[in-house]
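*Asks:* Provided herewith is a single structure, encoded as structure tokens, for subsequent inquiry.
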Amino acid sequence: MEPRNNVTYFVLLGLTQNPKEQKVLCVMFVLCYILTMVGNMLIVMTVTFSKTLDSPMYFFLAGLSFMDVIYSSSISPKLILNLFFGENTISFQSCMTQLFTEHFSGGSEVFLLLVMAYDRYVAICKPLHYLVIMRQRVCIVLLVVCWIGGFLHSVIQLSTIYGLPFCGPNVIDHFSCDMYPLLKLICTDTYVIGLLVVVNGGLICTIVFLLLLISYGVILHSLKNLSQEGRWKAFQTCGSHITVVVFFFVPCIFEYVRPAKTFPIDKSLSVFYTIITPMLNPLIYTLRNSEMTNAMKKLWRRNVISYSK
């Protein structure tokens, strides 16, 4: 169905109109994007080719890193090009594609973090049944379910706004195409649509966030039954997960659990969970995980030795 509108492209105002600030931000975001791609792809490759990282935890971690690559790539390249060339326009179809991709990858990541919490719960609270419960087929099904959940979430978001009338203006006060900035440009009443966005975005984030807090609360409570070494190792793993959860969910909940309004702070928060968090995830998981860092070193040494031969 073709949208009923007179708009063929949008103008993204971005983060700033100051040329000097744009250059600084461009350099910063290029570095962030490079670190994001290198860090997350390194995790994916390490888990894929390392024989020691064959547990479900690393399988899901590789899935999370892969979704971070898609998530960051849906926003960062366009933002960087806009800052570098000063071309801040985006076609209607490209805008809808960006909206779909970022919500698909972000939605999938939300559900995947919940699956990762369940994996840690089984590993720590039911260690004797871990390999039976989290067998390979179950892990693959859970990952596919996360993708399906992200896809459905994204389809609902896109179908909500795609058929609405854009009569002008076409200026988006943001650096990417997102629901609330786009709803401001709709020339019809968006109250009901705004409620649907809150339910499909904010309510899902809040429910998953509460479930994650409860699950990690149960896990941390059960650590008293472990040895001191096992307690420390479990606490390190859960600490990494909780850090990622807080960084990702708190800004999302602030932005989507409210009526369809925009605030000046929204753009800064969006930078945090769309650009900064995907970059920090590899650092959080690798620096706090000796098995991951050791596997990376072995893989690197093996490749260097093979190349030198």
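Residue numbering restarts at 1 for every chain of the structure tokens, chains are lettered A, B, ... in their displayed order, and ligands are numbered from 1 as they appear.
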Select from segment 230-282 of chain A every residue with an atom at most 12 Å from any atom of segment 42-63 of chain A, then for each give the shortest pair of atoms and their distance in Å to one decimal, using only C-alpha atoms, rows by chain and rising number, as a Markdown table.

*Replies:*
| residue | atom | partner | partner_atom | distance |
| --- | --- | --- | --- | --- |
| A:Thr237 | CA | A:Met57 | CA | 9.8 |
| A:Cys238 | CA | A:Met57 | CA | 11.3 |
| A:Ser240 | CA | A:Leu61 | CA | 11.3 |
| A:His241 | CA | A:Leu61 | CA | 10.1 |
| A:Val244 | CA | A:Leu61 | CA | 11.6 |
| A:Asn281 | CA | A:Leu61 | CA | 9.7 |
| A:Pro282 | CA | A:Ile43 | CA | 7.1 |

*Asks:* Store the residues of this selection in a file with N, CA, C and O atoms, as a compact mmCIF listing (two decimals), in the first residue's frame.

*Replies:*
# COMPACT_ATOMS: atom_id res chain seq x y z
N THR A 237 30.14 -12.71 35.26
CA THR A 237 29.29 -12.88 34.07
C THR A 237 28.00 -12.10 34.21
O THR A 237 27.61 -11.37 33.29
N CYS A 238 27.33 -12.23 35.35
CA CYS A 238 26.07 -11.52 35.55
C CYS A 238 26.28 -10.01 35.59
O CYS A 238 25.43 -9.24 35.14
N SER A 240 28.44 -8.32 33.86
CA SER A 240 28.53 -7.87 32.47
C SER A 240 27.14 -7.74 31.86
O SER A 240 26.82 -6.74 31.21
N HIS A 241 26.31 -8.76 32.08
CA HIS A 241 24.96 -8.75 31.51
C HIS A 241 24.14 -7.59 32.07
O HIS A 241 23.44 -6.90 31.33
N VAL A 244 25.10 -4.21 30.52
CA VAL A 244 24.54 -4.05 29.18
C VAL A 244 23.04 -3.75 29.25
O VAL A 244 22.52 -2.88 28.54
N ASN A 281 29.45 -2.87 24.28
CA ASN A 281 29.13 -4.27 24.54
C ASN A 281 30.32 -5.22 24.40
O ASN A 281 30.57 -6.03 25.29
N PRO A 282 31.10 -5.14 23.30
CA PRO A 282 32.27 -6.03 23.20
C PRO A 282 33.28 -5.80 24.32
O PRO A 282 33.86 -6.76 24.83

*Asks:* Taking 6 positions as the minimum chain separation for residues in the same chain, which residues sit within 12 Å of segment 161-166 of chain A when counting only C-alpha atoms? Answer as a ChimeraX atom specification.

*Replies:* /A:1-10,92-93,95-97,99-100,154-155,177-190,192-194,196-197

*Asks:* Between A:Leu203, A:Val138, A:Thr89, A:Phe247, which has the minimum distance to Tyr273 of chain A (counting only C-alpha atoms)?

*Replies:* A:Phe247

*Asks:* If you run DSSP on this backbone, which residues of segment 119-298 of chain A come out as strand (DSSP E or B), and could you give them as a short mmCIF file (atom, residue, chain, number, x, y, z; two decimals) with C-alpha atoms, in the first residue's frame?

*Replies:*
data_model
loop_
_atom_site.label_atom_id
_atom_site.label_comp_id
_atom_site.auth_asym_id
_atom_site.auth_seq_id
_atom_site.Cartn_x
_atom_site.Cartn_y
_atom_site.Cartn_z
CA PHE A 166 2.54 13.26 5.50
CA VAL A 171 11.90 18.43 8.71
CA ILE A 172 12.78 15.80 11.34
CA ILE A 186 1.66 13.52 10.50
#

*Asks:* Within 10 Å of Ile204 of chain A, counting only C-alpha atoms, which residues show up once you throw out same-chain ones fewer than 6 positions away? Write them as JSON, numbers by chain, please.

*Replies:* {"A": [107, 110, 111, 153, 198, 210, 253, 256, 257]}

*Asks:* Residues at most 7 Å from segment 141-147 of chain A, counting only C-alpha atoms, excluding those fewer than 3 positions away in the same chain, as a short mmCIF file (atom, residue, chain, number, x, y, z; two decimals) with N, CA and C atoms, in the first residue's frame?

*Replies:*
data_model
loop_
_atom_site.label_atom_id
_atom_site.label_comp_id
_atom_site.auth_asym_id
_atom_site.auth_seq_id
_atom_site.Cartn_x
_atom_site.Cartn_y
_atom_site.Cartn_z
N SER A 108 15.01 -7.42 18.41
CA SER A 108 15.64 -8.74 18.54
C SER A 108 16.61 -8.75 19.72
N PHE A 111 14.79 -9.09 23.17
CA PHE A 111 14.40 -10.46 23.49
C PHE A 111 15.62 -11.36 23.72
N LEU A 112 16.70 -11.09 23.00
CA LEU A 112 17.91 -11.89 23.16
C LEU A 112 18.54 -11.69 24.54
N ARG A 137 19.84 -27.51 19.81
CA ARG A 137 18.59 -27.25 19.07
C ARG A 137 17.74 -26.20 19.78
N VAL A 138 17.69 -26.28 21.11
CA VAL A 138 16.92 -25.31 21.89
C VAL A 138 17.51 -23.91 21.73
N GLY A 150 11.61 -9.61 17.07
CA GLY A 150 12.10 -8.33 16.57
C GLY A 150 11.45 -7.95 15.25
N PHE A 151 11.25 -8.95 14.39
CA PHE A 151 10.61 -8.71 13.09
C PHE A 151 9.17 -8.25 13.26
#

*Asks:* Quick one: of A:Pro127, A:Leu113, A:Leu158, A:Ser222, who's nearest to Thr243 of chain A, counting only C-alpha atoms?

*Replies:*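 So, comparing all the options, the nearest one is A:Leu113.
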
*Asks:* Please, what distance in Å, to one decimal, runs between atom CA of Ile207 of chain A and atom CA of Leu64 of chain A?

*Replies:*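 Separation of atom CA of Ile207 of chain A and atom CA of Leu64 of chain A: 19.6 Å.
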
*Asks:* Of the candidates A:Arg258, A:Ala123, A:Met292, A:Glu102, which shows the shortest atom-to-atom distance to Tyr191 of chain A, using only C-alpha atoms?

*Replies:* A:Arg258

*Asks:* Using only C-alpha atoms, pick whichever of A:Leu195, A:Cys125, A:Cys139, A:Val246 has the shortest atom-to-atom distance to Leu220 of chain A.

*Replies:* A:Cys125

*Asks:* Contacts of Tyr118 of chain A at 10 Å or less, counting only C-alpha atoms, minus same-chain residues fewer than 6 places along, as a ChimeraX atom specification?

*Replies:* /A:112,124,134,211-212,215-216,219

*Asks:* Report, in Å with one decimal, the straight-line distance from atom CA of Cys26 of chain A to atom CA of Gly14 of chain A.

*Replies:*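 Separating atom CA of Cys26 of chain A from atom CA of Gly14 of chain A is a distance of 11.5 Å.
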
*Asks:* Residues near segment 37-40 of chain A, anyone? I mean within 7 Å using only C-alpha atoms, not counting same-chain ones fewer than 5 positions away, as a list in words.

*Replies:*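 So, after excluding close chain neighbours, the residues are Ser65, Phe66, Val69 and Pro282 of chain A.
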
*Asks:* What is the atom CA of Leu13 of chain A to atom CA of Pro77 of chain A distance in Å?

*Replies:* 15.8 Å

*Asks:* Find the spatial neighbours of Leu81 of chain A, counting only C-alpha atoms, within a cut-off of 10 Å - ignore same-chain residues fewer than 6 positions away - and output them as a list in words.

*Replies:*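 Contacts, with the query itself left out: Cys26, Val30, Glu87 and Asn88 of chain A.
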